[in-house]
Amino acid sequence: MKTKSIFLFLGLAALFLSGCSGGHPGDITNWLQNPATPLAHEVRHSFYFTLYLILPFLFIAEGLLIYVILRFRKKPGREPAKFHDNPKLEIAWTIAPAITLVFVAVSTYGLIGRINYSPESDMQVEVTAQRFLWKYHYPEYGITISEQPLVVPEDKVITLLGTSVDVIHSWWVPAFGIKRDLLPGRIVETWFKAVKGNYKGQCAELCGPLHAEMLIDVSVVSQEEFEQWVKQKLAEKNAPADSTNNLQTSGSAETK
Amino acid sequence: MSRNSKLLLILVAAVIGMFGFGFANISLFKMFCSAVGIQISSPKDLTQGAAGTQIDKSREIKVLFTTAVNDKLPILFESDKSRSSVHPGALDEVHYRFVNLSDDTLYFRPVHSIFPPEANKKYDMIKCFCFQDMVLQPREEVNHVLVYSFHGDLDPAVSRVTMHYTLFKRDPTAADWGRIDKPEGK
Amino acid sequence: MSEAAAAATAYKSSWLNKLDWFVTGDHKKIGIMYLWFAIVMAIVGGGFAGVIRAQLTKPDSGLVTPEFYNQMVSMHATLMIFFVIIPAWTGLGNYFVPLLIGARDMAFPRLNAFAFWLAVPATALMFGSFFVVGGAIQTGWTAYPPLSLAAFSAGPGVDMWLMGIIFIGLSSILGAINFIVTVANLRAPGLRWFKMPLFVWAWFINATLILVATPVLSSALAMLLADRVFGTSFLTVAKGGDPLLYQHLFWFYSHPAVYIMVLPGFGVISHVLASFAEKKIFGYKGMVFAIMLIGIIGYMVWAHHMFVAGIPPSLQIFFSYMSMVIAVPTGIKIFSWLATIWGGSIRFTTPMKFGLGFIFLFVIGGMSGILLANVPVDYQVTDTYFVVAHFHYVLVGGSIMSMFAGMYYWFPKMSGRFLSEKLGTWVFWLFFVGMNVTFFPMHIMGIQGMARRVFTYRPEFQSLNELSSAGYLLMLAAGLIFVFDVLKTAFFKKGTLPADPWQINHVQNTLDWKVSSPPPEYNFLKIPTIE
């Protein structure tokens with residue numbers, strides 16, 4: 001049993017570290033591996049900062065546990081110790097975690113503000129969640145799209161104004177470092193400033209049977225490509241309905 | 001009375017008290033929210049008459065007007081402009097168009113919301129159409145106007161405001177159909 | 001044998017005795033009924049988890065419909081929380097709190113029986129809801145409006161669920177009242193507050209948590225029910241109601257509920273570790289204050305479940321920091337337990353194995369909790385499998401492991417027979433390894449972006465999900481062996497054990513090990529005096 005527990009512990013520790021330090025390369029759009037916005041970088045930093053501050057406590061606690069299990073097995077002739085308090089020790093293990101947590105707390109203070117308040121906005125997009133699809137409206141261009149990828153220019157502060165017309169949904173694209181519940185009847189705001197790429201996300205608040213299929217796709221493209229896309233959408237809007245199919249396919253070909 | 005029964009009575013009172021506390025939260029929650037400036041769905045300061053404050057020409061607030069309707073409620077609902085730039089204290093007017101796209105009579109209610117929460121109590125709506133039930137006959141088109149102004153003491157950090165309306169379907173046979181939810185405190 | 005005892009023996013052997021279970025006010029019988037109830041519900045709730053894990057072995061597996069999947073998700077949580085963990089602790093508490101304080105019964109035996117039997121209509125409503133139009137609740141156990149309102153969850157399933165939870169909540173409240181009065185008034189002479197065993201302390205504080213929190217949940221559920229049935233507008237947006245109010249009230253209960261599910265476990269672990277390390281519990285007073293602090297701060301952290309739901313940054317900061325603060329008393333407990341076993345003479349009995357396993361797992365659950373208290377990180381991992389991993393480490397690694405420890409520890413006292421140590425070792429290792437294999441990968445899935453409460457997922461997550469489903473099989477095996485052993489030992493083994501079958505009371509010196517196994521009716525012929 002001794003060896004078993006050691007191997008188990010080591011295995012778990014390795015799994016924990018590898019899992020959290022992004023040891024699984026792949027093409028997943030993952031906030032920890034591929035943060036796509038300054039905010040996501042900061043969130044990643046905050047994650048590791050917190051993790052590295054608390055990991056020693058994890059290892060101390062689990063290490064002591066394993067040591068005790070191995071060392072203090074009942075043996076004939078050895079009397080159990082008699083102590084049952086130690087004020088100094090008790091103060092130490094109250095203060096040490098408390099101080100560590102102060103560091104964690106202070107480190108998140110500024111980021112909480114930045115994640116909630118959009119800086120000077122370059123472009124606004126309205127997001128309307130409806131079971132089980134997303135509608136995006138670009139007020140600047142008068143474009144409305146539904147069940148299509150959100151297309152935005154790279155390196156611009158995009159402010160999303162989100163709401164829902166039925167139940168609570170949550171707009172979440174992991175690589176952007178944001179997630180925001182969209183409540184019916186209420187307008188809320190979130191923002192991102194992303195680098196080029198195609199990003200995946202999904203609704204993150206149970207909204208009904210097809211919640212799992214309420215997926216989000218975002219294409220972050222260059223300014224020129226974006227302008228091109230806007231032109232296309234405007235043309236599509238003014239053109240008769242039968243050409244819609246055509247333009248959609250060319251639109252998605254361009255973004256993929 | 002035995003010690004047990006006495007304590008029992010106290011505890012039962014505590015349970016009933018906590019149950020009541022849950023319901024008291026309906027108003028406590030609203031009070032708390034307005035105290036810390038969280039927006040809640042019910043309206044505040046709907047119609048206060050004239051804005052009363054002086055126009056502050058040194059500041060301009062960019063306002064975005066957004067609307068949302070469920071596809072199951074076939075109404076074209078749009079404002080005549082998508083954005084405005086207003087000085088605090090100045091009146092601004094937006095016209096909203098409601099078009100029933102179906103051949104049925106539609107019953108609904110517009111719900112108003114504003115972002116950021118800091119702006120929540122810092123504006124007056126001189127004319128508005130929210131929180132009252134509405135009817136659109138088949139293919140009917142109506143217009144409603146929103147006239148509002150921001151208070152002079154709106155947090156200087158707020159430079160962009162979103163004014164939002166959602167239309168929610170209503171049941172005309174419901175007991176509370178036709179009720180107008182009065183703004184609080186007026 | 002006295003005349004009364006002889007009469008009692010004669011009565012026991014008659015068929016009337018069996019009917020007695022339906023009308024009994026005896027705390028021990030009620031305790032045992034709670035435990036059986038929890039075991040049966042755990043089998044069902046565990047089965048529901050099996051449906052979930054089977055569906056998730058591959059993306060779009062199509063094993064069950066999305067609607068049924070959501071019913072399984074909602075009911076698995078509902079059963080495990082309200083019909084397994086909370087009743088199981090009530091069962092152990094019912095049996096052992098009066099024993100440990102030297103009382104002959106709970107303060108109000110009939111109230112006690114009434115509270116237990118309330119579980120029957122509650123259970124009937126829960127299972128009945130599967131057979132009505134629209135089926136059982138599909139909104140998750142949180143039942144957030146508007147999803148849970150009539151417009152999106154038609155049919156009586158949600159109404160039945162709401163009434164069921166209100167009933168089981170009432171049962172829990174009545175039980176809590178009984179515990180508080182019992183502990184406050186019925187302690188044996190000389191048993192001062194700070195001499196009470198830690199299981200009693202844990203249950204006392206637990207009962208006050210239930211007393212304050214559960215009525216608030218009931219009020220939220222009552223609002224929801226009224227909105228659904230009477231068309232009121234507490235939570236309906238189109239009528240000026242606010243769905244966020246529900247979330248606040250819900251979590252005002254449901255965060256303390258997490259402690260309600262684990263505090264009695266803290267008590268059990270303290271008894272088990274001290275017993276089998278042959279040492280007195282380390283830092284008794286610190287332990288008591290830590291439980292109190294956890295109970296109090298537990299009321300100031302509820303909105304950490306709602307960071308992305310729309311609360312202002314100032315409140316996010318408050319709730320984030322309070323959530324971190326709660327880690328301090330938890331740390332005190334962990335380190336005190338380690339100091340308790342340090343230098344001891346450890347006997348690796350089955351309850352001890354579960355006790356040590358509890359520490360190992362609970363520490364991991366605590367660590368992921370701190371990551372979740374970090375608001376920006378929470379934005380990323382809330383509503384993902386990371387959260388699922390976190391609360392399963394706390395609830396399975398914390399509550400269930402300590403419950404196993406308590407069951408193995410006290411089973412000889414309740415039945416007069418030991419559960420099999422050999423099978424117990426199997427149960428422990430299968431459960432411990434299975435638990436880690438099931439839930440550890442979920443941390444990674446969550447961080448990689450797999451949302452929770454989904455019936456399908458992107459193909460990237462398949463291998464981790466397969467691993468997780470394999471782990472479920474190990475836990476299932478452990479559960480089945482345990483149930484088999486309990487049935488066998490309870491019904492097919494005969495005999496009684498001495499008062500102190502584990503030979504631990506020279507260390508523990510608690511009253512439960514001073515009466516016969518099983519204890520006589522009314523526990524103590526003469527109320528003991530504690531010196």
# chains A, B, ... in the order shown; residues from 1 in each chain; ligands from 1
>>> interface_residues(of="chain B", to="chain C", cutoff="8 Å", atoms="only C-alpha atoms", output="ChimeraX atom specification")
/B:3-4,7-8,11-12,14-16,18-23,25-26,29,38,40-42,109-111,131,168-170,174-175,181
>>> write_last_selection(atoms="C-alpha atoms", output="mmCIF file, in the first residue's frame")
data_model
loop_
_atom_site.group_PDB
_atom_site.id
_atom_site.type_symbol
_atom_site.label_atom_id
_atom_site.label_comp_id
_atom_site.auth_asym_id
_atom_site.auth_seq_id
_atom_site.Cartn_x
_atom_site.Cartn_y
_atom_site.Cartn_z
ATOM 1 C CA ARG B 3 -36.815 24.909 28.400
ATOM 2 C CA ASN B 4 -37.273 22.781 25.322
ATOM 3 C CA LEU B 7 -36.176 27.219 22.666
ATOM 4 C CA LEU B 8 -38.442 25.533 20.123
ATOM 5 C CA LEU B 11 -36.236 28.646 16.667
ATOM 6 C CA VAL B 12 -39.577 28.407 14.893
ATOM 7 C CA ALA B 14 -36.321 32.353 13.517
ATOM 8 C CA VAL B 15 -37.357 30.035 10.682
ATOM 9 C CA ILE B 16 -40.478 32.055 9.936
ATOM 10 C CA MET B 18 -35.883 33.878 7.637
ATOM 11 C CA PHE B 19 -38.701 32.789 5.320
ATOM 12 C CA GLY B 20 -40.093 36.299 5.565
ATOM 13 C CA PHE B 21 -36.612 37.680 5.054
ATOM 14 C CA GLY B 22 -36.547 35.930 1.686
ATOM 15 C CA PHE B 23 -39.650 37.819 0.608
ATOM 16 C CA ASN B 25 -35.592 40.790 -0.130
ATOM 17 C CA ILE B 26 -37.863 41.702 -3.010
ATOM 18 C CA PHE B 29 -32.839 43.872 -3.024
ATOM 19 C CA ILE B 38 -26.811 48.153 -9.764
ATOM 20 C CA ILE B 40 -32.536 46.423 -11.917
ATOM 21 C CA SER B 41 -35.226 45.749 -14.400
ATOM 22 C CA SER B 42 -37.891 47.934 -12.861
ATOM 23 C CA ARG B 109 -44.601 44.910 -23.349
ATOM 24 C CA PRO B 110 -41.401 46.894 -23.867
ATOM 25 C CA VAL B 111 -38.830 46.652 -21.086
ATOM 26 C CA PHE B 131 -43.448 48.952 -18.625
ATOM 27 C CA PHE B 168 -41.615 40.641 -24.435
ATOM 28 C CA LYS B 169 -44.700 38.765 -25.449
ATOM 29 C CA ARG B 170 -47.629 39.105 -23.047
ATOM 30 C CA ALA B 174 -53.553 37.185 -17.703
ATOM 31 C CA ALA B 175 -54.981 38.803 -14.599
ATOM 32 C CA ASP B 181 -45.854 49.129 -13.350
#
>>> residues_around(residues="Pro59 of chain C", least_positions_apart="2", cutoff="12 Å", atoms="only C-alpha atoms", output="PDB file with C-alpha atoms, in the first residue's frame")
ATOM      1  CA  ALA A 212     -24.741  22.356 -25.939  1.00  0.00           C
ATOM      2  CA  GLU A 213     -25.229  23.278 -29.595  1.00  0.00           C
TER       3      GLU A 213
ATOM      4  CA  ARG C  53     -21.065   9.449 -18.073  1.00  0.00           C
ATOM      5  CA  ALA C  54     -22.320   6.990 -20.685  1.00  0.00           C
ATOM      6  CA  GLN C  55     -23.726   9.773 -22.851  1.00  0.00           C
ATOM      7  CA  LEU C  56     -20.445  11.683 -22.605  1.00  0.00           C
ATOM      8  CA  THR C  57     -18.116   8.855 -23.592  1.00  0.00           C
ATOM      9  CA  SER C  61     -23.229   9.800 -28.768  1.00  0.00           C
ATOM     10  CA  GLY C  62     -27.002  10.052 -29.152  1.00  0.00           C
ATOM     11  CA  LEU C  63     -27.530   7.591 -26.321  1.00  0.00           C
ATOM     12  CA  MET C 450     -15.568  22.421 -22.062  1.00  0.00           C
ATOM     13  CA  VAL C 454     -23.803  19.811 -22.164  1.00  0.00           C
ATOM     14  CA  PHE C 455     -24.919  16.584 -23.803  1.00  0.00           C
ATOM     15  CA  THR C 456     -22.223  16.830 -26.449  1.00  0.00           C
ATOM     16  CA  TYR C 457     -18.845  18.487 -26.833  1.00  0.00           C
ATOM     17  CA  ARG C 458     -16.077  19.246 -29.317  1.00  0.00           C
ATOM     18  CA  PRO C 459     -14.102  16.151 -30.395  1.00  0.00           C
ATOM     19  CA  GLU C 460     -10.917  17.402 -28.681  1.00  0.00           C
ATOM     20  CA  PHE C 461     -12.358  16.521 -25.300  1.00  0.00           C
ATOM     21  CA  GLN C 462     -13.118  12.902 -26.079  1.00  0.00           C
ATOM     22  CA  SER C 463     -10.107  11.178 -24.550  1.00  0.00           C
ATOM     23  CA  LEU C 464     -10.460  12.974 -21.234  1.00  0.00           C
ATOM     24  CA  ASN C 465     -14.161  12.180 -21.176  1.00  0.00           C
ATOM     25  CA  GLU C 466     -13.457   8.512 -21.848  1.00  0.00           C
TER      26      GLU C 466
END
>>> closest_atom_pairs(of="chain A", to="chain C", cutoff="6 Å", atoms="only C-alpha atoms", output="tab-separated table")
residue	atom	partner	partner_atom	distance
A:Gly19	CA	C:Ile444	CA	5.5
A:Asn30	CA	C:Gln448	CA	5.3
A:Val43	CA	C:Pro376	CA	5.8
A:Val68	CA	C:Trp342	CA	5.9
A:Phe72	CA	C:Ser345	CA	5.6
A:Arg73	CA	C:Ile346	CA	4.6
A:Lys74	CA	C:Ser345	CA	4.0
A:Pro80	CA	C:Gly344	CA	4.4
A:Ala81	CA	C:Gly343	CA	5.2
A:His84	CA	C:Phe282	CA	4.3
A:Asp85	CA	C:Gly283	CA	4.9
A:Val167	CA	C:Pro146	CA	5.1
A:Lys179	CA	C:Tyr379	CA	5.6
A:Arg180	CA	C:Val308	CA	5.2
A:Asp181	CA	C:Ala309	CA	4.9
A:Ala204	CA	C:Asp383	CA	5.9
A:Pro209	CA	C:Pro66	CA	5.1
A:Ala212	CA	C:Val454	CA	4.6
>>> residues_around(residues="Pro156 of chain C", least_positions_apart="6", cutoff="8 Å", atoms="only C-alpha atoms", output="CSV table (one decimal) with N, CA and C atoms, in the first residue's frame")
chain,number,residue,atom,x,y,z
C,129,SER,N,-42.5,13.1,-11.0
C,129,SER,CA,-42.3,14.1,-12.0
C,129,SER,C,-41.8,13.5,-13.3
C,132,VAL,N,-45.0,12.6,-15.6
C,132,VAL,CA,-46.0,13.6,-16.1
C,132,VAL,C,-45.7,14.2,-17.4
C,133,VAL,N,-46.6,14.9,-18.0
C,133,VAL,CA,-46.4,15.5,-19.3
C,133,VAL,C,-45.2,16.5,-19.2
C,134,GLY,N,-44.3,16.4,-20.1
C,134,GLY,CA,-43.1,17.3,-20.1
C,134,GLY,C,-42.0,16.7,-19.2
C,135,GLY,N,-42.3,15.7,-18.4
C,135,GLY,CA,-41.2,15.0,-17.7
C,135,GLY,C,-40.6,15.8,-16.5
>>> select_by_dssp(residues="segment 21-225 of chain A", states="strand (DSSP E)", output="VMD selection string")
chain A and resid 123 to 130 133 to 138 143 to 146 150 to 153 158 to 164 169 to 173 178 to 182 188 to 192 197 to 203 215 to 221
>>> residues_around(residues="Ile55 of chain B", least_positions_apart="5", cutoff="6 Å", atoms="only C-alpha atoms", output="count of residues only")
3
>>> atom_distance(atom1="atom CA of Gly169 of chain C", atom2="atom CA of Leu293 of chain C")
23.9 Å
>>> residues_around(residues="Arg160 of chain B", least_positions_apart="5", cutoff="10 Å", atoms="only C-alpha atoms", output="list of chain:residue names")
A:Glu120, A:Ser121, B:Glu60, B:Ile61, B:Lys62, B:Val63, B:Leu64, B:Ser85, B:Phe115, B:Pro116, B:Ala119
>>> write_last_selection(atoms="N, CA and C atoms", output="short mmCIF file (atom, residue, chain, number, x, y, z; two decimals), in the first residue's frame")
data_model
loop_
_atom_site.label_atom_id
_atom_site.label_comp_id
_atom_site.auth_asym_id
_atom_site.auth_seq_id
_atom_site.Cartn_x
_atom_site.Cartn_y
_atom_site.Cartn_z
N GLU A 120 -11.73 52.87 -24.15
CA GLU A 120 -12.27 53.62 -25.29
C GLU A 120 -12.63 52.65 -26.41
N SER A 121 -13.89 52.68 -26.81
CA SER A 121 -14.38 51.65 -27.72
C SER A 121 -14.14 52.03 -29.17
N GLU B 60 -19.98 65.69 -23.48
CA GLU B 60 -20.85 65.06 -24.47
C GLU B 60 -20.92 63.58 -24.17
N ILE B 61 -22.13 63.06 -24.14
CA ILE B 61 -22.29 61.63 -23.88
C ILE B 61 -22.77 60.95 -25.13
N LYS B 62 -22.03 59.92 -25.51
CA LYS B 62 -22.43 59.17 -26.70
C LYS B 62 -23.45 58.13 -26.29
N VAL B 63 -24.59 58.18 -26.95
CA VAL B 63 -25.66 57.25 -26.59
C VAL B 63 -25.93 56.31 -27.76
N LEU B 64 -26.03 55.05 -27.43
CA LEU B 64 -26.34 54.05 -28.45
C LEU B 64 -27.73 53.51 -28.14
N SER B 85 -25.47 62.09 -29.62
CA SER B 85 -24.45 62.68 -28.78
C SER B 85 -25.13 63.81 -28.03
N PHE B 115 -27.13 50.85 -19.79
CA PHE B 115 -25.78 50.49 -19.37
C PHE B 115 -24.90 51.71 -19.57
N PRO B 116 -23.95 52.02 -18.71
CA PRO B 116 -23.54 51.28 -17.51
C PRO B 116 -24.47 51.54 -16.32
N ALA B 119 -25.15 54.98 -14.78
CA ALA B 119 -26.08 55.93 -15.39
C ALA B 119 -27.50 55.69 -14.95
#
>>> interface_residues(of="chain B", to="chain A", cutoff="7 Å", atoms="only C-alpha atoms", output="JSON, numbers by chain")
{"B": [41, 68, 69, 70, 82, 111, 112, 113, 114, 115, 164, 166]}
>>> write_last_selection(atoms="N, CA and C atoms", output="short mmCIF file (atom, residue, chain, number, x, y, z; two decimals), in the first residue's frame")
data_model
loop_
_atom_site.label_atom_id
_atom_site.label_comp_id
_atom_site.auth_asym_id
_atom_site.auth_seq_id
_atom_site.Cartn_x
_atom_site.Cartn_y
_atom_site.Cartn_z
N SER B 41 -34.36 45.66 -13.24
CA SER B 41 -35.23 45.75 -14.40
C SER B 41 -36.36 46.75 -14.23
N ALA B 68 -34.24 44.75 -29.07
CA ALA B 68 -34.22 43.30 -29.24
C ALA B 68 -35.64 42.77 -29.18
N VAL B 69 -35.94 41.86 -30.10
CA VAL B 69 -37.25 41.20 -30.11
C VAL B 69 -37.02 39.73 -30.41
N ASN B 70 -37.75 38.89 -29.72
CA ASN B 70 -37.69 37.46 -30.02
C ASN B 70 -38.31 37.21 -31.39
N SER B 82 -29.50 55.30 -34.58
CA SER B 82 -28.87 54.29 -33.74
C SER B 82 -27.98 54.93 -32.69
N VAL B 111 -39.57 46.52 -22.34
CA VAL B 111 -38.83 46.65 -21.09
C VAL B 111 -37.56 47.43 -21.37
N HIS B 112 -37.31 48.41 -20.55
CA HIS B 112 -36.19 49.32 -20.79
C HIS B 112 -35.00 48.96 -19.92
N SER B 113 -33.81 49.19 -20.44
CA SER B 113 -32.61 48.92 -19.67
C SER B 113 -31.50 49.86 -20.12
N ILE B 114 -30.59 50.16 -19.22
CA ILE B 114 -29.52 51.10 -19.57
C ILE B 114 -28.19 50.57 -19.06
N PHE B 115 -27.13 50.85 -19.79
CA PHE B 115 -25.78 50.49 -19.37
C PHE B 115 -24.90 51.71 -19.57
N HIS B 164 -31.58 50.66 -24.03
CA HIS B 164 -32.02 49.42 -24.66
C HIS B 164 -33.49 49.14 -24.39
N THR B 166 -36.29 45.87 -24.91
CA THR B 166 -36.65 44.52 -25.36
C THR B 166 -38.17 44.43 -25.36
#
>>> atom_distance(atom1="atom CA of Lys156 of chain A", atom2="atom CA of Phe192 of chain A")
8.0 Å
